[in-house]
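Below is run-v2.txt, holding compact mmCIF, C-alpha atoms.
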```txt
# COMPACT_ATOMS: atom_id res chain seq x y z
CA MET N 1 29.49 226.05 184.77
CA SER N 2 33.29 225.88 184.66
CA THR N 3 35.19 226.94 187.75
CA PHE N 4 38.13 227.99 185.56
CA ASP N 5 38.70 231.34 183.85
CA TYR N 6 40.97 229.70 181.26
CA ASP N 7 41.78 226.26 179.98
CA LEU N 8 45.44 227.27 179.76
CA PHE N 9 47.41 230.05 181.41
CA VAL N 10 50.93 230.52 180.03
CA ILE N 11 53.51 232.40 182.09
CA GLY N 12 56.05 233.84 179.65
CA ALA N 13 55.59 235.00 176.06
CA GLY N 14 58.84 233.79 174.58
CA SER N 15 59.14 231.41 171.65
CA GLY N 16 57.99 228.34 173.60
CA GLY N 17 55.14 230.03 175.45
CA VAL N 18 53.78 231.80 172.39
CA ARG N 19 53.86 228.63 170.30
CA ALA N 20 52.09 226.66 173.05
CA GLY N 21 49.45 229.37 173.45
CA ARG N 22 48.79 229.66 169.73
CA ILE N 23 48.47 225.92 169.12
CA ALA N 24 46.33 225.36 172.22
CA ALA N 25 44.00 228.16 171.12
CA LYS N 26 43.74 226.62 167.65
CA HIS N 27 42.76 223.34 169.34
CA GLY N 28 39.84 225.24 170.88
CA ALA N 29 41.24 226.03 174.32
CA LYS N 30 40.59 229.34 176.07
CA VAL N 31 44.12 230.68 176.52
CA ALA N 32 45.80 233.56 178.30
CA VAL N 33 49.50 234.39 178.04
CA ALA N 34 51.17 236.67 180.60
CA GLU N 35 54.40 238.54 179.92
CA GLU N 36 56.08 241.11 182.16
CA TYR N 37 58.55 242.49 179.61
CA ARG N 38 58.10 242.21 175.83
CA VAL N 39 56.51 239.53 173.68
CA GLY N 40 59.04 237.41 171.80
CA GLY N 41 61.31 236.31 174.61
CA THR N 42 65.09 236.23 174.79
CA CYS N 43 65.65 235.05 171.23
CA VAL N 44 63.67 237.80 169.55
CA ILE N 45 64.20 240.68 171.94
CA ARG N 46 67.73 240.28 173.35
CA GLY N 47 69.22 237.10 171.93
CA CYS N 48 69.45 235.24 168.65
CA VAL N 49 67.87 237.86 166.38
CA PRO N 50 69.71 241.04 167.47
CA LYS N 51 72.88 238.98 167.87
CA LYS N 52 72.78 237.78 164.28
CA LEU N 53 72.09 241.31 163.07
CA PHE N 54 75.24 242.33 164.95
CA VAL N 55 77.13 239.43 163.37
CA TYR N 56 76.12 240.66 159.91
CA ALA N 57 77.28 244.17 160.82
CA SER N 58 80.63 242.96 162.11
CA LYS N 59 81.42 240.98 158.95
CA PHE N 60 81.42 243.98 156.63
CA ALA N 61 84.92 245.07 157.62
CA GLU N 62 86.36 241.87 156.13
CA GLU N 63 83.93 242.01 153.20
CA PHE N 64 85.26 245.45 152.24
CA GLU N 65 88.84 244.16 152.48
CA ASP N 66 88.01 241.07 150.42
CA ALA N 67 86.30 243.16 147.74
CA VAL N 68 89.62 244.71 146.70
CA GLY N 69 90.82 241.39 145.29
CA PHE N 70 87.75 241.35 143.03
CA GLY N 71 88.42 244.78 141.59
CA TRP N 72 86.45 247.01 143.93
CA THR N 73 87.77 250.16 145.57
CA THR N 74 86.56 250.90 149.07
CA GLU N 75 87.79 254.33 150.13
CA LYS N 76 86.09 256.29 152.91
CA VAL N 77 84.36 253.29 154.47
CA SER N 78 83.11 254.07 157.99
CA PHE N 79 80.89 252.54 160.66
CA ASP N 80 78.34 254.23 162.94
CA TRP N 81 77.33 252.32 166.08
CA ASP N 82 74.26 254.48 166.72
CA THR N 83 72.84 253.70 163.29
CA LEU N 84 73.19 249.97 163.92
CA LEU N 85 71.45 250.27 167.30
CA GLU N 86 68.61 252.31 165.87
CA ASN N 87 67.95 249.94 162.98
CA LYS N 88 68.26 246.89 165.23
CA ASP N 89 65.67 248.37 167.59
CA LYS N 90 63.28 249.02 164.71
CA GLU N 91 63.49 245.38 163.64
CA ILE N 92 62.96 244.13 167.20
CA ASP N 93 59.90 246.38 167.51
CA ARG N 94 58.53 244.94 164.27
CA LEU N 95 59.02 241.38 165.47
CA ASN N 96 57.51 242.15 168.87
CA LYS N 97 54.36 243.44 167.16
CA ALA N 98 54.27 240.44 164.82
CA TYR N 99 54.38 238.03 167.76
CA ILE N 100 51.52 239.90 169.42
CA ARG N 101 49.45 239.83 166.22
CA ASN N 102 50.01 236.12 165.68
CA LEU N 103 49.12 235.28 169.27
CA GLU N 104 45.93 237.32 169.25
CA ALA N 105 44.96 236.11 165.77
CA ALA N 106 45.03 232.56 167.12
CA GLY N 107 42.47 233.58 169.74
CA ALA N 108 44.72 233.81 172.80
CA GLU N 109 44.49 236.70 175.27
CA LEU N 110 47.70 238.59 176.03
CA ILE N 111 48.16 239.98 179.54
CA LEU N 112 51.15 242.32 179.92
CA GLU N 113 51.80 241.71 183.61
CA ARG N 114 54.01 239.55 185.77
CA ALA N 115 52.27 236.39 186.89
CA THR N 116 53.11 234.06 189.78
CA ILE N 117 51.73 230.70 190.87
CA VAL N 118 49.44 230.64 193.92
CA ASP N 119 48.30 227.03 193.79
CA GLN N 120 48.01 224.23 191.25
CA ASN N 121 45.23 226.04 189.35
CA THR N 122 45.59 229.68 190.41
CA VAL N 123 47.81 232.47 189.13
CA GLN N 124 48.14 235.96 190.58
CA LEU N 125 48.90 238.95 188.37
CA ALA N 126 51.00 241.93 189.43
CA SER N 127 47.83 244.02 189.53
CA GLY N 128 46.52 241.77 192.29
CA ARG N 129 43.94 239.96 190.19
CA LYS N 130 43.78 236.20 190.59
CA VAL N 131 42.73 233.88 187.77
CA ARG N 132 42.12 230.16 187.68
CA ALA N 133 43.20 227.83 184.89
CA ARG N 134 42.77 224.14 184.23
CA TYR N 135 46.43 223.99 183.20
CA ILE N 136 49.39 226.29 183.86
CA LEU N 137 52.40 226.32 181.56
CA VAL N 138 55.65 227.89 182.77
CA ALA N 139 57.74 229.24 179.88
CA THR N 140 59.78 231.94 181.58
CA GLY N 141 63.13 231.09 179.96
CA ALA N 142 66.53 231.87 181.46
CA SER N 143 68.78 234.85 182.09
CA PRO N 144 72.52 235.53 181.90
CA PHE N 145 74.29 235.84 185.22
CA ILE N 146 77.47 237.11 186.81
CA PRO N 147 78.93 235.05 189.69
CA GLN N 148 77.75 236.42 193.05
CA HIS N 149 81.12 235.95 194.72
CA LEU N 150 83.08 237.96 192.13
CA PRO N 151 84.63 241.15 193.55
CA GLY N 152 83.58 244.02 191.31
CA ARG N 153 80.74 242.12 189.63
CA GLU N 154 78.71 245.34 189.39
CA LEU N 155 81.24 246.63 186.85
CA ALA N 156 80.56 243.79 184.39
CA ILE N 157 77.82 243.53 181.76
CA THR N 158 76.07 240.58 180.11
CA SER N 159 74.71 240.04 176.61
CA ASN N 160 71.55 241.92 177.67
CA GLU N 161 73.46 245.17 178.12
CA ALA N 162 75.76 244.55 175.14
CA PHE N 163 72.82 245.21 172.81
CA HIS N 164 72.39 248.71 174.25
CA LEU N 165 75.88 250.11 174.86
CA GLU N 166 76.05 253.88 174.45
CA ARG N 167 79.41 253.54 172.70
CA LEU N 168 81.81 250.81 171.66
CA PRO N 169 84.75 250.35 174.04
CA ARG N 170 88.32 250.44 172.77
CA ARG N 171 88.93 247.04 174.35
CA ILE N 172 86.60 244.43 175.81
CA VAL N 173 87.23 241.36 177.95
CA ILE N 174 84.68 238.59 177.38
CA VAL N 175 84.48 235.84 180.00
CA GLY N 176 83.21 232.46 178.85
CA GLY N 177 83.76 229.84 176.18
CA GLY N 178 80.30 228.91 174.92
CA TYR N 179 78.03 230.06 172.09
CA ILE N 180 77.45 233.57 173.38
CA ALA N 181 81.05 234.27 174.33
CA VAL N 182 82.59 233.25 171.00
CA GLU N 183 79.83 234.94 169.00
CA PHE N 184 80.25 238.27 170.78
CA ALA N 185 84.03 237.97 170.52
CA GLY N 186 83.60 237.86 166.74
CA ILE N 187 81.10 240.74 166.80
CA PHE N 188 83.23 243.12 168.83
CA ASN N 189 86.42 242.19 167.02
CA GLY N 190 84.74 242.74 163.65
CA LEU N 191 83.56 246.18 164.76
CA GLY N 192 87.12 247.22 165.56
CA VAL N 193 87.21 246.55 169.31
CA GLU N 194 90.32 244.92 170.77
CA THR N 195 88.91 241.66 172.09
CA VAL N 196 90.20 239.32 174.78
CA LEU N 197 88.33 236.05 175.41
CA LEU N 198 88.91 234.34 178.76
CA TYR N 199 87.87 230.77 179.43
CA ARG N 200 88.70 228.68 182.47
CA GLY N 201 88.64 225.41 180.48
CA GLU N 202 91.34 224.07 178.20
CA GLN N 203 89.55 224.95 174.94
CA ILE N 204 86.49 226.98 173.92
CA LEU N 205 83.10 225.41 173.06
CA ARG N 206 83.12 222.47 175.45
CA GLY N 207 80.89 219.70 174.14
CA PHE N 208 81.58 220.36 170.47
CA ASP N 209 83.80 218.16 168.32
CA ASP N 210 87.45 218.70 169.24
CA ASP N 211 88.58 219.30 165.67
CA LEU N 212 85.89 221.97 165.31
CA ARG N 213 86.91 223.64 168.58
CA ASN N 214 90.58 223.72 167.72
CA HIS N 215 89.90 224.96 164.20
CA LEU N 216 87.69 227.81 165.39
CA ALA N 217 90.15 228.91 168.05
CA ALA N 218 92.96 229.05 165.49
CA GLU N 219 90.86 231.05 163.02
CA MET N 220 89.69 233.48 165.70
CA LYS N 221 93.30 234.14 166.67
CA LYS N 222 94.15 234.86 163.03
CA LYS N 223 91.49 237.57 163.12
CA GLY N 224 93.19 239.22 166.08
CA ILE N 225 91.12 237.87 168.97
CA GLU N 226 93.25 237.07 172.00
CA ILE N 227 92.11 233.81 173.60
CA ARG N 228 93.36 232.91 177.05
CA THR N 229 92.32 229.50 178.38
CA GLY N 230 92.86 227.90 181.78
CA VAL N 231 92.27 231.19 183.54
CA ASP N 232 89.42 233.00 185.29
CA VAL N 233 88.67 236.46 186.67
CA ALA N 234 89.72 237.11 190.26
CA GLU N 235 88.65 240.74 190.55
CA ILE N 236 87.32 243.71 188.58
CA VAL N 237 88.07 247.27 189.70
CA ARG N 238 87.34 250.69 188.25
CA SER N 239 90.30 252.23 186.44
CA GLY N 240 89.90 255.64 184.85
CA ASP N 241 87.13 255.51 182.27
CA GLY N 242 87.29 251.72 182.19
CA VAL N 243 88.16 248.74 184.34
CA ARG N 244 91.14 246.63 185.33
CA VAL N 245 90.60 242.87 185.31
CA THR N 246 92.87 240.80 187.56
CA LEU N 247 93.10 237.13 186.57
CA THR N 248 93.61 234.03 188.66
CA ASP N 249 97.13 233.65 187.23
CA GLY N 250 98.07 237.10 188.55
CA ALA N 251 97.95 238.90 185.20
CA ALA N 252 95.93 242.12 184.78
CA ILE N 253 94.12 243.48 181.73
CA GLY N 254 92.84 247.02 181.21
CA ALA N 255 89.59 247.35 179.24
CA GLY N 256 86.63 249.58 178.58
CA GLN N 257 84.14 246.81 179.33
CA VAL N 258 83.95 243.33 180.82
CA MET N 259 81.20 241.07 179.51
CA TYR N 260 80.19 237.85 181.25
CA ALA N 261 78.90 235.01 179.07
CA THR N 262 79.37 232.02 181.36
CA GLY N 263 75.94 230.48 181.02
CA ARG N 264 72.33 231.20 181.88
CA ILE N 265 70.09 230.38 184.84
CA PRO N 266 66.38 229.47 184.68
CA ASN N 267 63.94 232.28 185.51
CA THR N 268 62.22 230.62 188.46
CA PHE N 269 63.02 233.03 191.30
CA GLY N 270 59.86 234.47 192.82
CA LEU N 271 57.63 232.43 190.53
CA GLY N 272 55.78 230.73 193.37
CA LEU N 273 56.91 227.18 192.67
CA GLU N 274 57.24 226.55 196.38
CA ASN N 275 53.49 227.15 196.73
CA VAL N 276 52.82 223.94 194.83
CA GLY N 277 55.74 221.93 196.22
CA LEU N 278 58.00 222.14 193.15
CA GLN N 279 61.58 222.26 194.38
CA GLY N 280 63.43 222.32 191.05
CA THR N 281 67.03 221.35 190.39
CA PRO N 282 70.04 222.79 192.26
CA HIS N 283 70.38 225.30 189.39
CA GLY N 284 66.76 226.37 189.62
CA ALA N 285 65.38 224.48 186.63
CA ILE N 286 61.94 222.87 186.68
CA ASN N 287 61.92 219.08 186.46
CA VAL N 288 59.54 217.70 183.85
CA ASP N 289 58.81 214.37 182.20
CA ALA N 290 58.93 213.51 178.49
CA TYR N 291 55.63 215.34 177.98
CA SER N 292 56.88 218.48 179.79
CA LYS N 293 54.68 217.78 182.83
CA THR N 294 55.91 218.56 186.34
CA GLU N 295 55.14 216.54 189.46
CA VAL N 296 51.98 218.64 189.76
CA GLU N 297 49.34 217.22 187.42
CA SER N 298 48.10 220.59 186.15
CA ILE N 299 51.47 222.35 185.74
CA TYR N 300 53.80 221.98 182.77
CA ALA N 301 57.01 223.73 181.70
CA VAL N 302 58.85 224.16 178.40
CA GLY N 303 61.97 225.87 177.10
CA ASP N 304 65.07 227.07 178.91
CA VAL N 305 63.33 227.10 182.29
CA THR N 306 63.58 223.28 182.19
CA ASN N 307 67.29 223.35 181.28
CA ARG N 308 66.99 220.40 178.89
CA VAL N 309 68.38 221.77 175.62
CA ASN N 310 68.47 225.55 175.72
CA LEU N 311 67.82 226.46 172.10
CA THR N 312 64.92 228.45 170.65
CA PRO N 313 63.78 225.81 168.13
CA VAL N 314 63.70 223.26 170.93
CA ALA N 315 61.49 225.52 173.07
CA ILE N 316 59.15 225.99 170.10
CA ARG N 317 58.95 222.25 169.47
CA GLU N 318 58.34 221.57 173.18
CA GLY N 319 55.56 224.19 173.30
CA HIS N 320 53.88 222.71 170.22
CA ALA N 321 54.18 219.16 171.58
CA PHE N 322 52.66 220.25 174.89
CA ALA N 323 49.64 221.82 173.18
CA ASP N 324 49.11 218.78 170.95
CA THR N 325 49.38 216.46 173.96
CA VAL N 326 47.07 218.31 176.34
CA PHE N 327 44.59 219.96 173.98
CA GLY N 328 44.95 218.16 170.65
CA ASN N 329 44.39 214.58 171.78
CA LYS N 330 47.75 213.74 170.21
CA PRO N 331 50.36 212.75 172.84
CA THR N 332 53.69 214.01 171.53
CA THR N 333 57.23 213.95 172.92
CA VAL N 334 60.31 215.78 171.69
CA ASN N 335 63.50 213.95 170.71
CA HIS N 336 66.35 215.90 172.30
CA SER N 337 69.06 213.51 171.14
CA LEU N 338 69.64 214.72 167.57
CA ILE N 339 69.53 218.49 167.16
CA PRO N 340 71.21 220.43 164.33
CA THR N 341 72.73 223.63 165.60
CA ALA N 342 74.83 226.58 164.49
CA VAL N 343 77.26 228.86 166.26
CA PHE N 344 77.43 232.26 164.57
CA SER N 345 81.07 232.64 165.38
CA GLN N 346 83.53 233.91 162.78
CA PRO N 347 84.01 231.56 161.03
CA GLU N 348 80.55 230.07 161.49
CA LEU N 349 80.00 226.55 162.81
CA GLY N 350 77.29 224.05 161.89
CA THR N 351 76.96 220.67 163.53
CA VAL N 352 74.57 217.76 163.94
CA GLY N 353 74.90 214.39 165.64
CA LEU N 354 77.75 212.86 167.59
CA THR N 355 81.23 214.25 168.04
CA GLU N 356 84.12 211.92 167.33
CA ALA N 357 84.71 211.41 171.07
CA GLN N 358 81.05 210.59 171.69
CA ALA N 359 80.98 208.15 168.77
CA ARG N 360 84.12 206.34 169.91
CA SER N 361 82.74 205.93 173.42
CA GLY N 362 79.57 204.24 172.18
CA HIS N 363 80.50 202.40 168.98
CA ALA N 364 82.95 199.55 168.39
CA LYS N 365 84.29 200.97 165.14
CA VAL N 366 84.27 204.58 163.99
CA ASP N 367 85.47 205.95 160.66
CA ILE N 368 86.39 209.61 160.23
CA TYR N 369 86.33 211.57 156.97
CA LYS N 370 87.82 215.02 157.18
CA THR N 371 88.95 217.80 154.88
CA SER N 372 90.30 221.31 155.28
CA PHE N 373 90.56 223.71 152.37
CA ARG N 374 90.65 227.35 151.34
CA PRO N 375 87.18 228.63 150.35
CA MET N 376 87.01 229.60 146.68
CA LYS N 377 86.27 233.23 147.53
CA HIS N 378 89.63 233.63 149.22
CA THR N 379 91.61 232.52 146.16
CA LEU N 380 91.10 236.12 144.99
CA SER N 381 90.58 237.94 148.30
CA GLY N 382 93.87 236.54 149.60
CA ARG N 383 92.47 236.04 153.08
CA ASP N 384 94.22 233.40 155.19
CA GLU N 385 91.16 231.42 156.23
CA ARG N 386 90.33 227.75 155.87
CA MET N 387 87.17 225.66 156.04
CA LEU N 388 86.82 222.39 157.92
CA MET N 389 84.37 219.57 157.18
CA LYS N 390 84.16 216.31 159.08
CA LEU N 391 81.94 213.24 158.93
CA VAL N 392 81.75 210.74 161.79
CA VAL N 393 80.62 207.32 160.53
CA ASP N 394 79.72 204.03 162.23
CA GLY N 395 82.33 201.66 160.80
CA GLU N 396 80.02 198.66 161.13
CA THR N 397 76.70 199.98 159.79
CA ASP N 398 78.07 202.81 157.58
CA ARG N 399 75.52 205.17 159.13
CA VAL N 400 76.61 208.81 159.38
CA LEU N 401 76.61 209.61 163.09
CA GLY N 402 77.78 213.23 162.99
CA CYS N 403 78.58 216.09 160.64
CA HIS N 404 80.70 219.07 161.67
CA ILE N 405 81.49 222.16 159.58
CA ALA N 406 83.43 225.38 160.14
CA GLY N 407 83.19 228.04 157.47
CA PRO N 408 80.79 230.22 155.47
CA ASP N 409 77.13 229.14 155.61
CA ALA N 410 77.90 226.25 157.97
CA GLY N 411 74.61 226.79 159.78
CA GLU N 412 72.60 226.57 156.56
CA MET N 413 74.34 223.31 155.67
CA ALA N 414 73.76 221.89 159.15
CA GLN N 415 70.00 222.36 158.78
CA LEU N 416 69.92 220.22 155.64
CA LEU N 417 72.41 217.71 156.99
CA GLY N 418 70.11 217.35 159.99
CA ILE N 419 67.47 215.84 157.72
CA ALA N 420 69.89 213.26 156.32
CA VAL N 421 71.29 212.29 159.72
CA THR N 422 67.82 212.11 161.26
CA CYS N 423 66.75 209.77 158.44
CA GLY N 424 69.74 207.50 159.15
CA ALA N 425 71.65 208.17 155.93
CA THR N 426 74.76 206.09 155.31
CA LYS N 427 78.14 207.21 154.03
CA ALA N 428 77.42 205.24 150.83
CA GLN N 429 74.28 207.33 150.32
CA PHE N 430 76.29 210.51 150.83
CA ASP N 431 78.77 209.21 148.24
CA ALA N 432 75.95 208.40 145.79
CA THR N 433 74.62 211.97 145.98
CA MET N 434 75.63 214.15 143.04
CA ALA N 435 77.84 217.09 143.95
CA VAL N 436 76.81 220.68 143.32
CA HIS N 437 79.80 222.42 141.74
CA PRO N 438 81.44 224.77 142.50
CA THR N 439 80.35 224.87 146.13
CA ALA N 440 81.98 224.19 149.45
CA ALA N 441 79.16 221.79 150.35
CA GLU N 442 80.16 219.39 147.58
CA GLU N 443 83.02 218.27 149.82
CA LEU N 444 80.43 216.54 151.99
CA VAL N 445 79.66 214.06 149.22
CA THR N 446 83.12 213.73 147.70
CA MET N 447 85.24 212.78 150.72
CA ARG N 448 86.49 209.23 150.13
CA GLU N 449 89.69 208.83 152.17
CA LYS N 450 89.40 207.92 155.82
CA SER N 451 91.41 210.02 158.24
CA LYS N 452 94.11 208.21 160.14
```
Written as structure tokens, how would this file's structure read?
Amino acid sequence: MSTFDYDLFVIGAGSGGVRAGRIAAKHGAKVAVAEEYRVGGTCVIRGCVPKKLFVYASKFAEEFEDAVGFGWTTEKVSFDWDTLLENKDKEIDRLNKAYIRNLEAAGAELILERATIVDQNTVQLASGRKVRARYILVATGASPFIPQHLPGRELAITSNEAFHLERLPRRIVIVGGGYIAVEFAGIFNGLGVETVLLYRGEQILRGFDDDLRNHLAAEMKKKGIEIRTGVDVAEIVRSGDGVRVTLTDGAAIGAGQVMYATGRIPNTFGLGLENVGLQGTPHGAINVDAYSKTEVESIYAVGDVTNRVNLTPVAIREGHAFADTVFGNKPTTVNHSLIPTAVFSQPELGTVGLTEAQARSGHAKVDIYKTSFRPMKHTLSGRDERMLMKLVVDGETDRVLGCHIAGPDAGEMAQLLGIAVTCGATKAQFDATMAVHPTAAEELVTMREKSK
């Protein structure tokens, strides 16, 4: 008789944990998944999905303006924040239920309680019940944070609270320069909020191609977003119905809200890792090997809690690979080196592969193909907005090392470009591909002149 209650106990029902639980159950394992909040994780409940719904909402102001150039009249257009919140919540509820159905349909048991690790095979639930599992998978994700040392930190919000504001502020200060910061800057600006973006670095979106970063910053400024770089927040104090933000350069900004988007920290506090001798990284992440296994033979971890590549599709792939490795007799690793990604900024970014700087540091010869143009739509709308497309090519092998796009549907293009780059396509093969006309994407296969 087995001494274990489950073959697999998953702590965390986000994208990675749910995928791991479902696949393990389909492989015949007896699985339980514990979740203390809502099933679906950050992406579904308070991340990617509601954020993109907000992005859609924020784009309509420009769409109405653009429509005039195509013969439409748009009098009496108005926006209601409460309606957006209500409809967003309905969609999140639907997805939450869908995740639960899919998990249970696969044969996994869902336990809606907080779970902590007692020893290498034992988990304790908030109710006090202890269960034993042959394997434990930690998939607790990460959370936004506000620096502990910041005076007035209690007056700031994060992306979690931004999805539930009672009302839109007249002005908002967003601190950060990554995905979340630039995406919310576009959202609030599009919904009519005066938006100031603060970033302590020299340019937003560190780690992205420099041409893409500079292009996005310029386009965001055209839309009325104030971007201040090389500066940080020194203090936040209450001021009337809002706050006053004092900066490290001595300047002060009045606003209705301050939102921090300066990164996320792994959810490992109070998880019981110390009970099994897992120390983690200085930032709290769990160290794992290529198969997502920790130093403890029976404990694995996937997703943002490992701080490898903090993207939902990566967590899903890691969860699936874990289940195939441990329960499917199919050892599988995840390649984290080539990941297509999108930033739902305004304009949108899509990218895959190496930046120009990365390519030049690792290849003897690099060729750059680049174009900037006005999207066809704006020939009639009159909007002053340009698209950017860039290919980074190995000058010796002709292999396309990176593709970078700023403009409408950039994320959709990046997904398809990811296939080509993953397959090792060459610039000659791009050139031999017939263009689809009239599209913006045709520029990717018609660029012939190298940039100087």
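Atom to atom, atom CA of N:Asp249 and atom CA of N:Gly201 stand 13.6 Å apart.
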For a test of reading the model, state the distance in Å between atom CA of N:Gly284 and atom CA of N:Ala115, rounded to one decimal.
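It comes out at 17.8 Å.
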Quick one: of N:Lys370, N:Tyr179, N:Ala425, N:Val10, who's nearest to N:Asp394, counting only C-alpha atoms?
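Smallest distance to N:Asp394 is found for N:Ala425.
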d(atom CA of N:Ala20, atom CA of N:Val288) in Å:
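Taking atom CA of N:Ala20 as the start and atom CA of N:Val288 as the end point, the length is 15.9 Å.
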Long-range neighbours of N:Arg167 as a count of residues only, 9 Å cut-off, only C-alpha atoms, 3 positions minimum in chain:
3
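Closest approach to N:Phe79 from the set N:Leu53, N:Ala234, N:Leu191, N:Ile157 is made by N:Leu191, with distances taken over all atoms listed in the file.
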Nearest residue to N:Lys221 from the set N:Pro347, N:Gly69, N:Asp241, N:Ile316 (distances using only C-alpha atoms):
N:Pro347
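Using all atoms listed in the file, the smallest distance between any of N:Glu356, N:Glu166, N:Glu235, N:Glu75 and N:His149 comes from N:Glu235.
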Name the residues within 12 Å of (86.4, 211.8, 161.2), counting all atoms listed in the file in the file's coordinates, and put them as JSON, numbers by chain.
{"N": [209, 210, 211, 212, 354, 355, 356, 357, 358, 359, 360, 365, 366, 367, 368, 369, 370, 371, 372, 388, 389, 390, 391, 392, 393, 394, 395, 400, 401, 402, 403, 404, 405, 427, 444, 447, 448, 449, 450, 451, 452]}
Applying 10 Å and only C-alpha atoms, which residues near N:Leu110 remain after dropping the ones on its own chain fewer than 5 positions away? List them as an MDAnalysis selection string.
chainID N and resid 10 13 18 21 31:35 39 100 103:104
